[in-house]
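**Student:** Please read through the structure below; I'll follow up with questions.
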Amino acid sequence: MATQLRKRHGTICIPPRTRKVPRNHSHPLGGTGGAGAIRGEGGQDSAKWFCAIGTKERIGFSGAEEARKFLQDRCPRVLEFTGEEQVAAFADRTCYHIGRSLSCSQLHGGKAVLIGDAAAPYPPIGQGVNGAMESAMVLDECIRDAGSSPGSFPGAAAEYTARWKPEADAVSWISERSLFENRFHTVRALATSVLRLSIFEQAKSADVPYSQVRRRAEKLWPLWAR
């Protein structure tokens, strides 16, 4: 099954200013951001750090001091991982809101089909690559089942839309309930995780389709109201 691609990942605390990274890390930094590290070309001795800060709209800064104040107000723990050079670089970078998704009426047209982010871009919840690979697998299965005759592809493409669009829409629905800038979303995610009702943990299960996770959550309205 395509859902077997998904795996459950734990969150690991990164000690401030750690340089060696024996494996990839992710770490929550309050209600509006997260940080992490991946091993660089030189292995664990060449860590590459990253962080994501949630914003409601496109923002800009007049300089490093204004950027530092923004970080201090919104996500102060980020400053434990950064120096003046990184803050200055952040101040010069254009920042865009990432809490956007797009739903297409269908995922095929003529001889073309949409897979991955082209079919269903959505805010990050750790399922982007998984969803892209699953959509490719579903398309492959549809083409295989339709046969190899020259006229079989349109039917395979239509079947792909019928099978994958509900899953893509479900991932988008789930992701829109986990926006970095929404503190209620963060509190709800933590509480439902403790109660074992988290749709984000369910979405990482290899045994449950995204659409089923959504149907279960909709029965618990208004818990998962946007």
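Ligands are numbered from 1 in the order shown, residues from 1 within each chain, and chains are lettered A, B, ... in the order they appear in the structure tokens.
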With only C-alpha atoms as the counted atoms, please give the residues lying no more than 10 Å from Glu85 in chain A, apart from itself and same-chain residues fewer than 5 positions off, as a PyMOL selection string.

**Tutor:** chain A and resi 64+90-91

**Student:** Name all residues at most 12 Å from Phe153 in chain A (count only C-alpha atoms; drop same-chain ones fewer than 2 positions away) and give them as a VMD selection string.

**Tutor:** chain A and resid 108 to 113 139 to 151 155 to 160

**Student:** Nearest to Ile199 in chain A: which of A:Ala118, A:Ala89, A:Leu71, A:Leu223 is it, counting only C-alpha atoms?

**Tutor:**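 For Ile199 in chain A, the nearest of the given residues is A:Leu223.
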
**Student:** Just asking: which residues within range 52-219 of chain A are helix (DSSP H, G or I) according to DSSP, as an NGL selection string?

**Tutor:** :A and (64-74 or 76-80 or 84-92 or 116-119 or 128-146 or 153-175 or 183-194 or 199-203 or 210-218)

**Student:** What's the separation between CA of Leu197 in chain A and CA of Trp164 in chain A, in Å to one decimal place?

**Tutor:**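 One can read the CA of Leu197 in chain A to CA of Trp164 in chain A distance as 24.5 Å.
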